[in-house]
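Asker: If you scroll down you'll find the structure; I have some questions about it.
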Amino acid sequence: MPDTDLLSLQIDHMGILQSRYEQVLEDHGYDGLLISSGAAPMRYGDDQSWHFQGYGPFLHWTGLAGFEHAWLLIRKGRKPLLSLYQPVDFWHASLELAQEPWLEEFELRFSESRSAPELSGVSQLAVIGDPSMLADLPGDENPGALRAALDETRVHKTAYEIACLAHANKLAMAGHHAARDAFLAGASEFEINLAYQRATQQREADAPYHSIIGVNEHAGTLHYQYYDTTPPTKSRSLLIDAGVRYRGYCSDITRTTAGVGEGRFAALVQGLEQLQFRLCKMVAPGVDYVDIHRKTHLGIAALLSATGLVSGLSDEEMVAEGVTRAFFPHGIGHFLGVQVHDVAGKPVPSPADAPFLRLMRTLEPGMVVTIEPGLYFIPSLLEPLLSGPLERHINRPLLDELQGCGGIRIEDNVVVTDSGCRNLTRESEG
C-alpha cells in the first residue's frame, strides 16, 4: 500500500474534484454527471479486443486504469457513486480493488451487469464517455461546453496528482538506467525494451504509451515503433522515450545515449542537454509556453553553429530561414497528467512557426508540462536544405558522419510552482 501521506493527499484530491465538478455542473445547468470508464473495442474480424486503459475523467477521479464497464455518478452534495463491473467469469480474472481510505469517499457498488447504475435523484443529467457505451442512456450525451469545462479541471494538478506524477517519474527513471546499461552492453532494441520493462515492473501494454526505442538511425524517426531483435554491428546511439503509469498518472521521459567512441555525437548530446536545462528553468508562472518553444529554436541554432554543422548564418537567420525547423521539427512539449498529452492545452490554434506545438497557454502554478528539445538528422527534412541555396552553409561531411546516429531528444516532466518550477524527472535521476 502507498504511504499514508499519499493516501491522505488522495482524500484531499477527492474533495477538490467534488468542488470543481459541482461548480462546473452548476455553471452548465446540470445536477448530475455520469462518467463511463469505457471498454476495449473488439478488433475488426477477430474475437480479440484492443488493450484498455480507461477514459480520462474516470481516471481523474479513480486512477483505475483497467476497469472496463465501470460507471461514476457525480451529484451535488452527495458522495460520488462508483459502480464496478465484476462478473462471474471462469475465462478471465477480475481486477482486485485495493482497500484504501479513498474508497470511503464513494458510494461503492459491484455489479455483474455492464449497464449503468440506477440514476436516482437527478433531474438534469449529462453523460460523458465513448459514444458507443452511452446508447439508450438518458441525459445529454457528451455536451461540448461541459466537456471543455471539465477538461479545465485537469489543468491545475492537486498535490496528490503531483505526488503520483513524481512517483511515476521515479519508476520510469529506473527503467531508463537499465535501458542505457543494456544498450552500452550491445543489446538489441528488443532486449533494451525487456530491460526497461524488467526494471519498471510494468507490462508495455499497461504503460502510458508504446515505448520509443531507436538505436542508430532509428533514433531519427520521431515515433519509431518497432524493435529490432538483432543488435547492429556497431551501436552508435540510443534514443529511448518511455514512461510509467502509476495510479492512473503518466510519466513521459526521453534520454539519448552516445555509443562508445562516438565523441562528436556525445558532445552534441551534452550540448542539447545543457540547452534543455536552461529551457526547464524558464518554466515559471506568467511565462508564455510558446516563448519557451521559440527560445528552443534559438538554442538549436547556437548549437548548430558551435558544433560546425551550420556556418555563415546568425542564430536569428537560421530560425527565419527554416534551418532549425529541419533539425527540430516538433513542439517543445505538452501538458501531462492521466493522459500523456493531457487535455486543454490548445484553447487557440498553434502559430504558423510552431504547427506541431501541443500547448498554447501561459503557465500557471499547478500545471505540469514536458520540456523536450530535439535535434535530428532526418533525410526527408534535410534534403530541401541540401538541394537549395542554403546548402553552402551546411557541413556535409559532418552531417554525413552524424546521420547514422539518427538524432537526440531529452525530455523532463516539470511542475509550475508559485515561484518557478520543480523538475520531477531530475529529482528521480539518482
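Ordering of the C-alpha cells sets the chain letters (A, B, ...), residue numbers begin anew at 1 in every chain, and ligands are numbered from 1 in the order given.
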Excluding stretch 416-427 of chain A and residues on its chain fewer than 4 positions from it, collect all residues at most 7 Å away from it, counting only C-alpha atoms, and give them as a ChimeraX atom specification.

Answerer: /A:166,169,283-285,364-368,412

Asker: Using N, CA and C atoms, can you export the residues from the last selection as a PDB file, in the first residue's frame?

Answerer:
```pdb
ATOM      1  N   ALA A 166       5.285  12.353  -9.665  1.00  0.00           N
ATOM      2  CA  ALA A 166       6.662  12.236  -9.189  1.00  0.00           C
ATOM      3  C   ALA A 166       7.065  10.771  -9.050  1.00  0.00           C
ATOM      4  N   ASN A 169       7.660   9.177 -12.361  1.00  0.00           N
ATOM      5  CA  ASN A 169       8.988   9.538 -12.857  1.00  0.00           C
ATOM      6  C   ASN A 169      10.071   8.677 -12.224  1.00  0.00           C
ATOM      7  N   VAL A 283      10.569  27.572 -17.035  1.00  0.00           N
ATOM      8  CA  VAL A 283       9.206  27.252 -16.606  1.00  0.00           C
ATOM      9  C   VAL A 283       8.902  28.002 -15.315  1.00  0.00           C
ATOM     10  N   ALA A 284       7.878  28.854 -15.358  1.00  0.00           N
ATOM     11  CA  ALA A 284       7.505  29.677 -14.204  1.00  0.00           C
ATOM     12  C   ALA A 284       6.150  30.309 -14.474  1.00  0.00           C
ATOM     13  N   PRO A 285       5.452  30.728 -13.419  1.00  0.00           N
ATOM     14  CA  PRO A 285       4.162  31.399 -13.629  1.00  0.00           C
ATOM     15  C   PRO A 285       4.317  32.648 -14.493  1.00  0.00           C
ATOM     16  N   GLU A 364       0.841  28.570 -15.347  1.00  0.00           N
ATOM     17  CA  GLU A 364       0.284  28.928 -14.043  1.00  0.00           C
ATOM     18  C   GLU A 364       0.656  27.841 -13.038  1.00  0.00           C
ATOM     19  N   PRO A 365       0.706  28.197 -11.745  1.00  0.00           N
ATOM     20  CA  PRO A 365       1.043  27.190 -10.732  1.00  0.00           C
ATOM     21  C   PRO A 365       0.101  25.987 -10.794  1.00  0.00           C
ATOM     22  N   GLY A 366       0.677  24.799 -10.663  1.00  0.00           N
ATOM     23  CA  GLY A 366      -0.096  23.568 -10.699  1.00  0.00           C
ATOM     24  C   GLY A 366      -0.114  22.887 -12.051  1.00  0.00           C
ATOM     25  N   MET A 367       0.276  23.587 -13.095  1.00  0.00           N
ATOM     26  CA  MET A 367       0.385  22.946 -14.395  1.00  0.00           C
ATOM     27  C   MET A 367       1.611  22.030 -14.415  1.00  0.00           C
ATOM     28  N   VAL A 368       1.513  20.931 -15.153  1.00  0.00           N
ATOM     29  CA  VAL A 368       2.655  20.030 -15.336  1.00  0.00           C
ATOM     30  C   VAL A 368       2.891  19.894 -16.834  1.00  0.00           C
ATOM     31  N   ASP A 412      12.096  16.083 -19.890  1.00  0.00           N
ATOM     32  CA  ASP A 412      11.783  16.046 -18.468  1.00  0.00           C
ATOM     33  C   ASP A 412      10.331  16.450 -18.236  1.00  0.00           C
TER      34      ASP A 412
END
```

Asker: Compare A:Thr324, A:Thr233, A:Ser8, A:Thr254 by their minimum atom-to-atom distance to A:Arg180, counting only C-alpha atoms, and give me the closest one.

Answerer: A:Thr254

Asker: Hey, what does DSSP flag as strand (DSSP E) within stretch 170-342 of chain A? Can you give it to me as a list of chain:residue names?

Answerer: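 Output for stretch 170-342 of chain A, strand (DSSP E) only: A:Ile212, A:Ile213, A:Gly214, A:Val215, A:Ser237, A:Leu238, A:Leu239, A:Ile240, A:Asp241, A:Ala242, A:Arg245, A:Tyr246, A:Tyr249, A:Cys250, A:Ile253, A:Thr254, A:Arg255, A:Thr256, A:Thr257, A:Ala258.
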
Asker: Would you mind listing what lies within 6 Å of A:Ala172 as a list in words, with only C-alpha atoms counted and same-chain residues fewer than 2 positions away left out?

Answerer: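 Answer for this query is Asn169, Lys170, Ala174, Gly175, Gly243 and Val244 of chain A.
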